[in-house]
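Structure file target-v6.txt (compact mmCIF, C-alpha atoms) follows.
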# COMPACT_ATOMS: atom_id res chain seq x y z
CA MET T 1 64.92 23.83 12.66
CA GLN T 2 65.01 21.85 9.43
CA GLN T 3 67.92 22.13 7.00
CA SER T 4 68.71 20.70 3.59
CA HIS T 5 71.75 21.33 1.44
CA TYR T 6 73.29 20.40 -1.86
CA LEU T 7 76.80 21.60 -2.62
CA ARG T 8 78.54 20.42 -5.75
CA PRO T 9 81.98 19.11 -4.75
CA ASP T 10 83.95 21.87 -6.52
CA PHE T 11 81.77 24.58 -4.95
CA GLN T 12 82.01 22.99 -1.51
CA LEU T 13 85.79 22.88 -1.84
CA ALA T 14 85.87 26.58 -2.79
CA LEU T 15 84.02 27.51 0.43
CA HIS T 16 86.85 26.10 2.57
CA GLY T 17 84.40 24.96 5.26
CA GLN T 18 82.55 28.29 5.53
CA ASP T 19 78.82 28.42 6.15
CA PRO T 20 77.23 28.76 2.65
CA TYR T 21 74.46 31.11 3.91
CA TYR T 22 76.97 33.50 5.44
CA TRP T 23 79.32 33.21 2.45
CA LEU T 24 76.59 33.99 -0.10
CA ASP T 25 75.02 36.73 2.03
CA ASN T 26 78.33 38.55 2.11
CA LYS T 27 79.63 37.71 -1.34
CA GLU T 28 80.11 40.71 -3.60
CA GLY T 29 78.99 40.69 -7.20
CA THR T 30 76.91 42.40 -9.85
CA VAL T 31 73.41 42.77 -8.40
CA PHE T 32 70.52 42.23 -10.81
CA ARG T 33 67.68 42.37 -8.30
CA ALA T 34 67.60 43.45 -4.68
CA LEU T 35 64.32 43.11 -2.75
CA ASP T 36 63.58 42.87 0.93
CA ASP T 37 63.16 39.11 0.67
CA ARG T 38 65.52 38.22 -2.18
CA ARG T 39 68.81 39.23 -3.79
CA THR T 40 69.97 38.02 -7.20
CA TYR T 41 73.54 38.65 -8.26
CA ARG T 42 76.36 37.41 -10.47
CA PHE T 43 79.77 36.55 -9.10
CA GLU T 44 82.95 34.89 -10.26
CA LEU T 45 84.76 32.02 -8.61
CA ASN T 46 87.96 30.42 -9.86
CA GLY T 47 87.54 32.16 -13.22
CA SER T 48 83.96 31.01 -13.84
CA GLY T 49 80.70 32.99 -13.66
CA PHE T 50 77.78 32.04 -11.41
CA PHE T 51 74.39 33.44 -10.43
CA ALA T 52 73.11 33.33 -6.86
CA LYS T 53 69.61 33.89 -5.50
CA VAL T 54 69.54 34.39 -1.74
CA HIS T 55 66.09 34.31 -0.11
CA ARG T 56 65.38 35.69 3.37
CA GLY T 57 61.69 34.80 3.84
CA ILE T 58 58.70 36.41 2.13
CA GLY T 59 56.60 37.13 5.25
CA TRP T 60 52.99 36.25 6.06
CA LYS T 61 51.56 39.23 4.18
CA ALA T 62 52.89 37.96 0.84
CA ILE T 63 51.76 34.40 1.62
CA VAL T 64 48.20 35.50 2.42
CA ALA T 65 48.07 37.71 -0.69
CA ASP T 66 48.99 34.75 -2.91
CA LEU T 67 46.48 32.46 -1.23
CA ILE T 68 43.70 35.01 -1.73
CA ARG T 69 44.55 35.04 -5.45
CA LEU T 70 44.49 31.21 -5.47
CA ARG T 71 48.23 31.08 -6.12
CA LYS T 72 50.68 28.76 -4.46
CA PRO T 73 53.17 31.00 -2.56
CA VAL T 74 56.82 30.79 -3.61
CA LEU T 75 58.57 30.53 -0.25
CA GLY T 76 62.16 30.45 -1.41
CA ALA T 77 64.71 28.76 -3.65
CA ARG T 78 63.30 25.23 -3.35
CA ASN T 79 60.69 25.90 -6.03
CA GLU T 80 63.28 26.80 -8.66
CA TRP T 81 65.62 24.04 -7.49
CA ARG T 82 62.90 21.43 -8.04
CA ALA T 83 61.89 22.90 -11.40
CA ILE T 84 65.46 22.97 -12.73
CA ASN T 85 66.03 19.34 -11.80
CA LYS T 86 62.69 18.29 -13.32
CA LEU T 87 63.48 20.04 -16.61
CA ARG T 88 66.91 18.46 -16.77
CA LYS T 89 65.36 15.00 -16.29
CA LEU T 90 62.93 15.76 -19.12
CA GLY T 91 65.79 16.72 -21.44
CA ILE T 92 64.95 20.43 -21.58
CA ALA T 93 68.06 22.63 -21.62
CA THR T 94 68.08 24.94 -18.63
CA LEU T 95 70.34 26.16 -15.82
CA THR T 96 72.98 23.96 -14.19
CA PRO T 97 72.62 23.95 -10.38
CA VAL T 98 75.76 24.25 -8.27
CA ALA T 99 74.39 24.71 -4.76
CA PHE T 100 71.07 24.77 -2.92
CA GLY T 101 70.21 25.24 0.72
CA GLU T 102 67.16 25.79 2.88
CA THR T 103 66.79 26.28 6.60
CA GLY T 104 63.92 27.07 8.97
CA CYS T 105 60.47 25.79 9.94
CA ASN T 106 58.36 28.95 9.72
CA PRO T 107 57.21 29.19 6.05
CA ALA T 108 57.21 32.99 6.23
CA GLN T 109 60.82 33.14 7.42
CA LEU T 110 62.54 30.39 5.45
CA ARG T 111 66.10 31.18 4.46
CA SER T 112 67.34 29.59 1.26
CA PHE T 113 69.75 29.98 -1.63
CA LEU T 114 70.32 28.68 -5.13
CA VAL T 115 73.54 28.96 -7.14
CA THR T 116 73.68 28.12 -10.85
CA GLU T 117 76.32 28.26 -13.54
CA GLU T 118 76.23 31.32 -15.75
CA LEU T 119 74.83 30.70 -19.22
CA ALA T 120 77.50 32.65 -21.07
CA ASP T 121 77.54 33.63 -24.75
CA MET T 122 73.78 33.50 -25.10
CA THR T 123 71.10 36.03 -26.04
CA SER T 124 67.40 36.07 -25.23
CA LEU T 125 64.97 35.18 -27.98
CA GLU T 126 63.16 38.44 -27.24
CA THR T 127 66.28 40.44 -28.15
CA ILE T 128 66.98 38.39 -31.26
CA SER T 129 63.43 38.66 -32.59
CA GLN T 130 62.81 42.35 -31.96
CA HIS T 131 63.39 43.32 -35.63
CA TRP T 132 61.76 40.33 -37.28
CA ALA T 133 58.63 42.26 -38.28
CA VAL T 134 60.89 44.37 -40.54
CA THR T 135 63.66 41.89 -41.31
CA PRO T 136 62.32 38.33 -41.06
CA PRO T 137 64.75 35.52 -40.25
CA ALA T 138 65.45 32.65 -42.60
CA PHE T 139 62.36 30.45 -42.92
CA SER T 140 64.18 27.28 -41.87
CA TRP T 141 65.58 29.01 -38.79
CA LYS T 142 62.22 30.34 -37.63
CA LYS T 143 60.60 26.98 -38.35
CA GLY T 144 63.18 25.29 -36.12
CA LEU T 145 62.50 27.77 -33.32
CA ILE T 146 58.74 27.22 -33.50
CA GLU T 147 59.28 23.47 -33.40
CA GLN T 148 61.44 23.78 -30.30
CA LEU T 149 59.03 26.16 -28.56
CA ALA T 150 56.13 23.81 -29.26
CA HIS T 151 58.10 20.79 -28.05
CA ILE T 152 59.24 22.51 -24.84
CA SER T 153 55.74 23.84 -24.13
CA ARG T 154 54.14 20.44 -24.67
CA THR T 155 56.76 18.66 -22.56
CA LEU T 156 56.29 21.10 -19.67
CA HIS T 157 52.52 20.89 -19.66
CA GLU T 158 52.29 17.14 -20.20
CA ASN T 159 54.51 16.69 -17.15
CA GLY T 160 52.59 19.00 -14.83
CA ILE T 161 54.87 22.05 -15.09
CA CYS T 162 53.61 25.61 -15.51
CA HIS T 163 56.35 28.21 -15.92
CA ARG T 164 54.15 31.20 -14.96
CA ASP T 165 56.58 33.69 -16.56
CA TYR T 166 56.54 32.10 -19.98
CA TYR T 167 57.91 34.78 -22.30
CA LEU T 168 60.46 34.90 -25.10
CA CYS T 169 62.87 36.77 -22.84
CA HIS T 170 63.27 33.61 -20.76
CA PHE T 171 64.50 31.54 -23.70
CA LEU T 172 68.22 31.89 -24.42
CA VAL T 173 69.85 31.11 -27.78
CA PRO T 174 73.58 30.28 -28.11
CA ASN T 175 75.35 33.17 -29.84
CA ASP T 176 77.01 30.86 -32.34
CA CYS T 177 73.56 30.28 -33.85
CA TRP T 178 72.97 33.86 -34.93
CA ARG T 179 74.92 37.02 -35.61
CA ASN T 180 74.32 40.71 -36.25
CA GLY T 181 73.84 41.85 -39.82
CA SER T 182 72.79 45.09 -41.45
CA THR T 183 70.22 46.14 -44.00
CA GLY T 184 70.01 49.52 -45.64
CA GLY T 185 72.74 50.88 -43.39
CA HIS T 186 70.75 50.19 -40.20
CA ALA T 187 72.02 47.57 -37.77
CA VAL T 188 69.51 44.80 -37.12
CA ASN T 189 69.55 41.44 -35.40
CA LYS T 190 69.32 39.26 -38.47
CA VAL T 191 69.30 35.56 -37.76
CA GLN T 192 71.42 33.37 -39.96
CA PRO T 193 70.71 29.63 -40.38
CA ILE T 194 73.84 28.42 -38.60
CA ALA T 195 74.20 24.80 -37.47
CA SER T 196 70.59 24.07 -36.60
CA ASP T 197 71.62 21.04 -34.55
CA THR T 198 73.36 23.38 -32.07
CA MET T 199 70.40 25.78 -31.85
CA ARG T 200 69.14 24.48 -28.54
CA LEU T 201 66.90 26.82 -26.58
CA HIS T 202 67.62 27.17 -22.85
CA LEU T 203 64.68 27.96 -20.56
CA ILE T 204 65.48 30.07 -17.50
CA ASP T 205 63.85 32.05 -14.65
CA LEU T 206 61.97 29.18 -13.03
CA HIS T 207 61.50 31.02 -9.74
CA ARG T 208 57.68 30.91 -9.98
CA ALA T 209 57.32 27.58 -11.80
CA GLN T 210 54.47 25.44 -10.52
CA LEU T 211 54.87 21.66 -10.38
CA SER T 212 51.90 19.34 -9.97
CA LYS T 213 50.65 15.95 -11.11
CA LYS T 214 48.49 17.53 -13.79
CA ILE T 215 48.41 21.09 -15.03
CA THR T 216 45.00 22.76 -15.03
CA HIS T 217 43.38 24.47 -18.01
CA ARG T 218 43.85 27.85 -16.33
CA TRP T 219 47.62 27.52 -15.97
CA ARG T 220 48.06 26.00 -19.41
CA VAL T 221 46.30 29.02 -20.92
CA LYS T 222 48.42 31.40 -18.82
CA ASP T 223 51.67 29.97 -20.17
CA LEU T 224 50.52 29.84 -23.79
CA ALA T 225 49.05 33.34 -23.64
CA GLY T 226 52.29 34.70 -22.17
CA LEU T 227 54.32 33.13 -24.95
CA TYR T 228 51.99 34.42 -27.68
CA PHE T 229 51.84 37.89 -26.12
CA SER T 230 55.63 38.18 -26.09
CA ALA T 231 55.79 37.19 -29.78
CA MET T 232 53.04 39.49 -31.08
CA ASP T 233 55.49 42.07 -32.46
CA CYS T 234 57.74 39.49 -34.13
CA GLY T 235 55.93 39.38 -37.45
CA LEU T 236 54.26 36.04 -36.80
CA THR T 237 52.14 34.69 -39.64
CA ARG T 238 48.98 32.63 -39.33
CA HIS T 239 50.94 29.64 -40.62
CA ASP T 240 53.49 30.13 -37.82
CA CYS T 241 50.71 29.97 -35.24
CA TYR T 242 49.11 26.96 -36.90
CA ARG T 243 52.46 25.16 -36.95
CA PHE T 244 52.86 25.73 -33.21
CA ILE T 245 49.31 24.52 -32.48
CA ARG T 246 49.73 21.38 -34.58
CA LEU T 247 53.04 20.48 -32.94
CA TYR T 248 51.90 21.38 -29.42
CA THR T 249 48.77 19.22 -29.64
CA ARG T 250 50.31 16.50 -31.83
CA LEU T 251 47.07 16.49 -33.79
CA PRO T 252 46.18 17.35 -37.39
CA LEU T 253 45.50 21.08 -37.53
CA ARG T 254 41.77 20.80 -38.26
CA GLN T 255 41.30 18.42 -35.33
CA ALA T 256 43.49 20.51 -33.02
CA LEU T 257 41.45 23.64 -33.70
CA ALA T 258 38.12 21.85 -33.37
CA THR T 259 38.95 19.86 -30.24
CA HIS T 260 40.59 22.70 -28.33
CA HIS T 261 38.70 25.64 -29.80
CA ARG T 262 37.92 27.25 -26.42
CA ARG T 263 41.51 26.94 -25.24
CA TRP T 264 42.93 28.81 -28.22
CA GLN T 265 40.21 31.44 -27.98
CA ARG T 266 41.17 32.10 -24.36
CA VAL T 267 44.88 32.15 -25.23
CA VAL T 268 44.34 34.82 -27.89
CA LYS T 269 41.99 36.86 -25.68
CA LYS T 270 44.38 36.79 -22.71
CA ALA T 271 47.41 37.60 -24.89
CA GLN T 272 45.62 40.57 -26.44
CA ALA T 273 44.64 41.84 -22.98
CA LEU T 274 48.28 41.61 -21.87
CA TYR T 275 49.39 43.45 -25.00
CA GLN T 276 46.85 46.25 -24.50
CA ARG T 277 47.90 46.60 -20.88
CA MET T 278 51.53 46.92 -21.94
CA GLN T 279 50.58 49.55 -24.52
CA ARG T 280 48.71 51.58 -21.90
CA LYS T 281 51.68 51.48 -19.56
CA ALA T 282 53.91 52.63 -22.38
CA GLY T 283 51.47 55.45 -23.21
CA HIS T 284 50.56 54.05 -26.62
CA ALA T 285 46.95 53.17 -25.97
CA ARG T 286 44.36 54.08 -28.55
CA TYR T 287 41.01 55.34 -27.30
Take the structure in the file and write it out as structure tokens.
Amino acid sequence: MQQSHYLRPDFQLALHGQDPYYWLDNKEGTVFRALDDRRTYRFELNGSGFFAKVHRGIGWKAIVADLIRLRKPVLGARNEWRAINKLRKLGIATLTPVAFGETGCNPAQLRSFLVTEELADMTSLETISQHWAVTPPAFSWKKGLIEQLAHISRTLHENGICHRDYYLCHFLVPNDCWRNGSTGGHAVNKVQPIASDTMRLHLIDLHRAQLSKKITHRWRVKDLAGLYFSAMDCGLTRHDCYRFIRLYTRLPLRQALATHHRRWQRVVKKAQALYQRMQRKAGHARY
């Protein structure tokens, strides 16, 4: 049986010599997801908040299903552990790991865990932007967000990282960068241009992230389409999209559109398909 562990000194001290697998398996907290093969929950320790993901093995059925779909199976916490550390090396704000462990030889029955610090006092970009179509944010604030999204996307893809769940809900914004306002007596999430130098997006939920030497066209399109799909109700303008494309490619706009015409066509087509599928599930489809 193979084992690998990382325990930050303060977390190791808090365990008092207990087995981390047993401790995390029996730790009580606020459960956010409970599946047969994985449990995600929040707990507190010495006055601080943490999130734990405890994996119990995905089974051969799930592995075969992913392989049939030409997907690399996510066997446990190691995938997210590697992705978090890679992002931190690249200077992308993300989760702070506290503990990681993996044990077992059978890929279908690997046991693993990942503990990260809680990102407190933050709100998802999806939540913040939900009223932008009606009440747009300050131009400078939205411009800064687009610049950051383009920079993060380019950095990921140029370094062989595909997020695979690349949506606005997985970007967190510090609460001191925006606040609730009201217009016409109706509460809205109106972004204020507060201290743009502190408006650093944090990318989370790297459970399915794929790391390789070079990202393929297929996975690049998947990420970009997911991001565009999740922003389609945010009141994006054509100039917003062009700004993202220019910054993502680091090319003049005319050249970026001409050189990568097929890529952007596929991004739009895939994003629209995702949007229509969401509408059908919500019962809003038009026939």
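From atom CA of T:Gln18 back to atom CA of T:Gly101, the distance works out to 13.6 Å.
The closest residue to T:Phe113, picked from T:Arg280, T:Arg56, T:Arg33, T:His131 and counting all atoms listed in the file, is T:Arg56.
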| request: Excluding T:Trp264 and residues on its chain fewer than 3 positions from it, collect all residues at most 12 Å away from it, counting all atoms listed in the file, and give them as a list in words. | output: His217, Arg218, Arg220, Val221, Lys222, Asp223, Leu224, Ala225, Tyr228, Cys241, Tyr242, Phe244, Ile245, Arg246, Tyr248, Thr249, Ala256, Leu257, Ala258, Thr259, His260, His261, Val267, Val268, Lys269, Lys270 and Ala271 of chain T
Closest-contact table, stretch 8-127 of chain T side, partner stretch 150-163 of chain T, 8 Å, counting all atoms listed in the file, as CSV:
residue,atom,partner,partner_atom,distance
T:Ala83,CA,T:Ile161,CA,8.0
T:Leu87,CA,T:Leu156,CA,7.9
T:Leu90,CA,T:Thr155,CA,7.6
T:Ile92,CA,T:Ile152,CA,6.9
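Minimum atom-to-atom distances from T:Asn46, T:Gln210, T:Thr96, T:Ser4 to T:Ser112 were compared using all atoms listed in the file, and the lowest value belongs to T:Ser4.
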Could all heavy atoms be built for stretch 82-93 of chain T and written out as a PDB file, keeping the file's coordinate frame?
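Final output, part.pdb:
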ATOM      1  N   ARG T  82      63.677  22.585  -7.585  1.00  0.00           N
ATOM      2  CA  ARG T  82      62.900  21.430  -8.040  1.00  0.00           C
ATOM      3  C   ARG T  82      62.608  21.516  -9.535  1.00  0.00           C
ATOM      4  O   ARG T  82      62.685  20.523 -10.265  1.00  0.00           O
ATOM      5  CB  ARG T  82      61.597  21.323  -7.258  1.00  0.00           C
ATOM      6  CG  ARG T  82      61.754  20.941  -5.788  1.00  0.00           C
ATOM      7  CD  ARG T  82      60.400  20.883  -5.109  1.00  0.00           C
ATOM      8  NE  ARG T  82      59.532  19.900  -5.735  1.00  0.00           N
ATOM      9  CZ  ARG T  82      58.236  20.077  -5.978  1.00  0.00           C
ATOM     10  NH1 ARG T  82      57.653  21.218  -5.660  1.00  0.00           N
ATOM     11  NH2 ARG T  82      57.512  19.126  -6.536  1.00  0.00           N
ATOM     12  N   ALA T  83      62.237  22.721  -9.999  1.00  0.00           N
ATOM     13  CA  ALA T  83      61.890  22.900 -11.400  1.00  0.00           C
ATOM     14  C   ALA T  83      63.087  22.653 -12.314  1.00  0.00           C
ATOM     15  O   ALA T  83      62.971  21.995 -13.357  1.00  0.00           O
ATOM     16  CB  ALA T  83      61.325  24.290 -11.628  1.00  0.00           C
ATOM     17  N   ILE T  84      64.245  23.167 -11.928  1.00  0.00           N
ATOM     18  CA  ILE T  84      65.460  22.970 -12.730  1.00  0.00           C
ATOM     19  C   ILE T  84      65.765  21.485 -12.871  1.00  0.00           C
ATOM     20  O   ILE T  84      66.043  20.983 -13.971  1.00  0.00           O
ATOM     21  CB  ILE T  84      66.652  23.711 -12.110  1.00  0.00           C
ATOM     22  CG1 ILE T  84      66.506  25.218 -12.300  1.00  0.00           C
ATOM     23  CG2 ILE T  84      67.968  23.231 -12.723  1.00  0.00           C
ATOM     24  CD1 ILE T  84      67.548  26.034 -11.566  1.00  0.00           C
ATOM     25  N   ASN T  85      65.716  20.768 -11.769  1.00  0.00           N
ATOM     26  CA  ASN T  85      66.030  19.340 -11.800  1.00  0.00           C
ATOM     27  C   ASN T  85      64.998  18.549 -12.615  1.00  0.00           C
ATOM     28  O   ASN T  85      65.349  17.591 -13.309  1.00  0.00           O
ATOM     29  CB  ASN T  85      66.124  18.785 -10.383  1.00  0.00           C
ATOM     30  CG  ASN T  85      67.412  19.197  -9.689  1.00  0.00           C
ATOM     31  OD1 ASN T  85      68.507  18.853 -10.125  1.00  0.00           O
ATOM     32  ND2 ASN T  85      67.297  19.950  -8.615  1.00  0.00           N
ATOM     33  N   LYS T  86      63.736  18.970 -12.544  1.00  0.00           N
ATOM     34  CA  LYS T  86      62.690  18.290 -13.320  1.00  0.00           C
ATOM     35  C   LYS T  86      62.908  18.525 -14.815  1.00  0.00           C
ATOM     36  O   LYS T  86      62.813  17.586 -15.618  1.00  0.00           O
ATOM     37  CB  LYS T  86      61.311  18.830 -12.893  1.00  0.00           C
ATOM     38  CG  LYS T  86      60.122  18.140 -13.579  1.00  0.00           C
ATOM     39  CD  LYS T  86      59.937  16.721 -13.089  1.00  0.00           C
ATOM     40  CE  LYS T  86      58.695  16.062 -13.699  1.00  0.00           C
ATOM     41  NZ  LYS T  86      57.442  16.609 -13.145  1.00  0.00           N
ATOM     42  N   LEU T  87      63.234  19.750 -15.191  1.00  0.00           N
ATOM     43  CA  LEU T  87      63.480  20.040 -16.610  1.00  0.00           C
ATOM     44  C   LEU T  87      64.677  19.263 -17.132  1.00  0.00           C
ATOM     45  O   LEU T  87      64.653  18.741 -18.255  1.00  0.00           O
ATOM     46  CB  LEU T  87      63.705  21.548 -16.806  1.00  0.00           C
ATOM     47  CG  LEU T  87      62.493  22.357 -17.277  1.00  0.00           C
ATOM     48  CD1 LEU T  87      61.378  22.318 -16.244  1.00  0.00           C
ATOM     49  CD2 LEU T  87      62.881  23.792 -17.581  1.00  0.00           C
ATOM     50  N   ARG T  88      65.719  19.187 -16.332  1.00  0.00           N
ATOM     51  CA  ARG T  88      66.910  18.460 -16.770  1.00  0.00           C
ATOM     52  C   ARG T  88      66.606  16.976 -16.979  1.00  0.00           C
ATOM     53  O   ARG T  88      67.105  16.351 -17.921  1.00  0.00           O
ATOM     54  CB  ARG T  88      68.038  18.651 -15.758  1.00  0.00           C
ATOM     55  CG  ARG T  88      68.615  20.077 -15.776  1.00  0.00           C
ATOM     56  CD  ARG T  88      69.506  20.337 -14.567  1.00  0.00           C
ATOM     57  NE  ARG T  88      70.682  19.497 -14.556  1.00  0.00           N
ATOM     58  CZ  ARG T  88      71.821  19.770 -15.192  1.00  0.00           C
ATOM     59  NH1 ARG T  88      71.931  20.889 -15.887  1.00  0.00           N
ATOM     60  NH2 ARG T  88      72.852  18.959 -15.131  1.00  0.00           N
ATOM     61  N   LYS T  89      65.763  16.398 -16.128  1.00  0.00           N
ATOM     62  CA  LYS T  89      65.360  15.000 -16.290  1.00  0.00           C
ATOM     63  C   LYS T  89      64.534  14.806 -17.553  1.00  0.00           C
ATOM     64  O   LYS T  89      64.582  13.743 -18.176  1.00  0.00           O
ATOM     65  CB  LYS T  89      64.561  14.542 -15.065  1.00  0.00           C
ATOM     66  CG  LYS T  89      65.395  14.329 -13.819  1.00  0.00           C
ATOM     67  CD  LYS T  89      64.539  13.855 -12.652  1.00  0.00           C
ATOM     68  CE  LYS T  89      65.384  13.645 -11.402  1.00  0.00           C
ATOM     69  NZ  LYS T  89      64.535  13.211 -10.244  1.00  0.00           N
ATOM     70  N   LEU T  90      63.781  15.827 -17.932  1.00  0.00           N
ATOM     71  CA  LEU T  90      62.930  15.760 -19.120  1.00  0.00           C
ATOM     72  C   LEU T  90      63.709  16.073 -20.394  1.00  0.00           C
ATOM     73  O   LEU T  90      63.147  16.027 -21.492  1.00  0.00           O
ATOM     74  CB  LEU T  90      61.752  16.720 -18.982  1.00  0.00           C
ATOM     75  CG  LEU T  90      60.734  16.381 -17.901  1.00  0.00           C
ATOM     76  CD1 LEU T  90      59.730  17.519 -17.740  1.00  0.00           C
ATOM     77  CD2 LEU T  90      60.001  15.075 -18.233  1.00  0.00           C
ATOM     78  N   GLY T  91      64.969  16.435 -20.266  1.00  0.00           N
ATOM     79  CA  GLY T  91      65.790  16.720 -21.440  1.00  0.00           C
ATOM     80  C   GLY T  91      65.648  18.128 -21.977  1.00  0.00           C
ATOM     81  O   GLY T  91      66.056  18.405 -23.108  1.00  0.00           O
ATOM     82  N   ILE T  92      65.086  19.043 -21.175  1.00  0.00           N
ATOM     83  CA  ILE T  92      64.950  20.430 -21.580  1.00  0.00           C
ATOM     84  C   ILE T  92      66.177  21.198 -21.087  1.00  0.00           C
ATOM     85  O   ILE T  92      66.493  21.171 -19.893  1.00  0.00           O
ATOM     86  CB  ILE T  92      63.672  21.067 -21.010  1.00  0.00           C
ATOM     87  CG1 ILE T  92      62.445  20.351 -21.562  1.00  0.00           C
ATOM     88  CG2 ILE T  92      63.605  22.556 -21.335  1.00  0.00           C
ATOM     89  CD1 ILE T  92      61.131  20.832 -20.965  1.00  0.00           C
ATOM     90  N   ALA T  93      66.860  21.871 -21.987  1.00  0.00           N
ATOM     91  CA  ALA T  93      68.060  22.630 -21.620  1.00  0.00           C
ATOM     92  C   ALA T  93      67.679  23.783 -20.703  1.00  0.00           C
ATOM     93  O   ALA T  93      66.750  24.539 -20.979  1.00  0.00           O
ATOM     94  CB  ALA T  93      68.752  23.164 -22.862  1.00  0.00           C
TER      95      ALA T  93
END
